[in-house]
Amino acid sequence: MTAKFDVINPATEQVVDSVRLVTAEETDTAIARAAKAFPAWRAVAPGDRARLLRRFAEAVDADLENLARLEVLNAGHTIGNARWEAGNVRDVLHYYAAAPERLFGRQIPVPGGVDLTFAEPLGVVGVIVPWNFPMPIASWGFAPALAAGNTVVLKPAELTPLTALRLAELAHQAGIPQDVFQVLPGKGSVVGQRFVTHPLVRKVVFTGSTEVGKQIMAGCADQVKRVTLELGGKNANIVFADADLEKAAAAAPYGVFDNAGQDCCARSRILVQKSVYDRFMELLEPAVRGVVVGDPGDEKTEMGPLISHGHRAKVRSYLPEGAPIAFQGTAPDGPGYWFPPTVVTPSGVRDPLAADEIFGPIVAVLPFADEAEAVTMANDTDYGLSASIWTRDVGRALRVSRAVEAGNLSVNSHSSVRYWTPFGGFKQSGLGRELGPDALAAFTETKNVFIDTEG
Ligand code: TAP
């Protein structure tokens, strides 16, 4: 009997669809088909491959509202966020559609001949996607991989397969061959694991928890398989006394509670200079209470539910009786995996509230004395994905940006992701970079060819 997975709307707890789970044998068949499709796909003329990717981007654009509504239904994302996410897939496709004609090699001066380098595609690339941003994270893997001439097998998270399945339909309608881009809904331990162990998958792009990422990396080592990892974060939002405090406090909730805190870039540790700590908390409280939590399909909603019953139980476990809650916003009662925006004041950076990636709407606020202590506290974590710095002193902004061990820094802002700038983590937040001008390098091998011109 084939297993099915009931897809649940996290805002209502209603079953919205039932998706058949792909088995290990079917995964092997899909990988074999992707490997067979590779020589023809890499041979497609660069301009034609570019045109196909642009057509795929246009198909996504034409289907944008439908994709966004599917994500509201499946993941509880606010409609505003979900539209941005579908638009991001379109933009990432357009951006990498420019790549096939620009995959330059180099000509390097050598005696006795000519030396050339080629950027060769790898073969089959396996992309493993988490549930928190199903659309964008999928496209950050498949768009550059396809542009570079690879074929792709993609596994969405079991909880959120609907938009990935729709994206595959749109790709095929746009003319990308079925076996060049396949979406395989299934379990991580079955389909994802096969991407790691199957010798015909030449690269794994994994986004998810640091714990599973380490297993993927260890598994890939067996075949020296290429791997890109985008993992967890416990990101600092550092507010200096000279900052525009009103602006910093007004922005802080959106830096952490967006997507109900289920964001690897969530600024879930607010470090505030002692001299302005009390004032900052006074300003933060109304900002947190003002976050609009509710029906994600409503245009005015700013935060939706958590993804699942199990995940909400995990988030809740961080707030036992007597937890240091400073204040909380509101959340609906009744069905749905709701959790209110919550501000806590743990005793130090090693308290689990300040150290663990809770992946929910809980933010820890901690005081610091001076710039040196702020940097020490920001770096006192195994993670290193992103951070924000609020100050009016441009020298300090740059000094602290350089000193914080993280891949994505923002000054007087919480913005981390642009499809045309590099994204990824230091330390245990990941390996390699996605997006931006250099992502193609992660989907190609450099080949060097020497041609003797003397003989
Ligand atoms: P995980 O449990 O790690 O799952 C991520 C993906 O890996 C899912 O598709 C999962 O499949 C699959 N998987 C699980 N076990 C596997 C295994 N043994 N072999 C192969 N694949 C396996 O993470 P999650 O809870 O879904 O996502 C949240 C995490 O993702 C957070 O830690 C967050 O920080 C991180 N994240 C990082 C980033 C970046 S860019 N750094 C972005 C978004 C999210 P199933 O779910 O179907 O089992």
# chains A, B, ... in the order shown; residues from 1 in each chain; ligands from 1

$ residues_near_ligand --ligand "ligand 1" --cutoff "7 Å" --atoms "only C-alpha atoms and all ligand atoms" --output "VMD selection string"
chain A and resid 128 to 133 137 155 to 159 186 to 189 191 to 193 206 to 213 215 to 216 230 to 233 263 to 264 357 359 385 424 to 425 429 to 430

$ select_by_dssp --residues "range 143-177 of chain A" --states "helix (DSSP H, G or I)" --output "list in words"
Ala143, Pro144, Ala145, Leu146, Ala147, Leu162, Thr163, Ala164, Leu165, Arg166, Leu167, Ala168, Glu169, Leu170, Ala171, His172 and Gln173 of chain A

$ residues_around --residues "range 30-46 of chain A" --least-positions-apart "5" --cutoff "6 Å" --atoms "only C-alpha atoms" --output "PyMOL selection string"
chain A and resi 100-101+124+149+151+179-180

$ write_last_selection --atoms "C-alpha atoms" --output "mmCIF file, in the first residue's frame"
data_model
loop_
_atom_site.group_PDB
_atom_site.id
_atom_site.type_symbol
_atom_site.label_atom_id
_atom_site.label_comp_id
_atom_site.auth_asym_id
_atom_site.auth_seq_id
_atom_site.Cartn_x
_atom_site.Cartn_y
_atom_site.Cartn_z
ATOM 1 C CA PRO A 100 23.727 30.139 -19.258
ATOM 2 C CA GLU A 101 25.122 32.714 -21.716
ATOM 3 C CA VAL A 124 22.026 15.338 -10.918
ATOM 4 C CA GLY A 149 23.078 22.635 -16.988
ATOM 5 C CA THR A 151 19.179 18.159 -13.752
ATOM 6 C CA ASP A 179 13.016 14.445 -16.117
ATOM 7 C CA VAL A 180 15.125 17.611 -15.930
#

$ residues_around --residues "Ala148 in chain A" --least-positions-apart "2" --cutoff "12 Å" --atoms "only C-alpha atoms" --output "MDAnalysis selection string"
chainID A and resid 38 41:46 49:50 53 96:104 118:125 141:146 150:152 438:445

$ atom_distance --atom1 "CA of Thr12 in chain A" --atom2 "CA of Glu65 in chain A"
20.6 Å

$ select_by_dssp --residues "range 11-210 of chain A" --states "strand (DSSP E)" --output "VMD selection string"
chain A and resid 15 to 20 107 to 108 113 to 121 124 to 128 151 to 155 181 to 183 201 to 207

$ atom_distance --atom1 "CA of Ala326 in chain A" --atom2 "CA of Ala374 in chain A"
21.3 Å

$ atom_distance --atom1 "CA of Trp140 in chain A" --atom2 "CA of Met303 in chain A"
24.1 Å

$ closest_residue --among "A:Gly113, A:Ala57, A:Asp258, A:Phe195" --to "Gly455 in chain A" --atoms "only C-alpha atoms"
A:Gly113
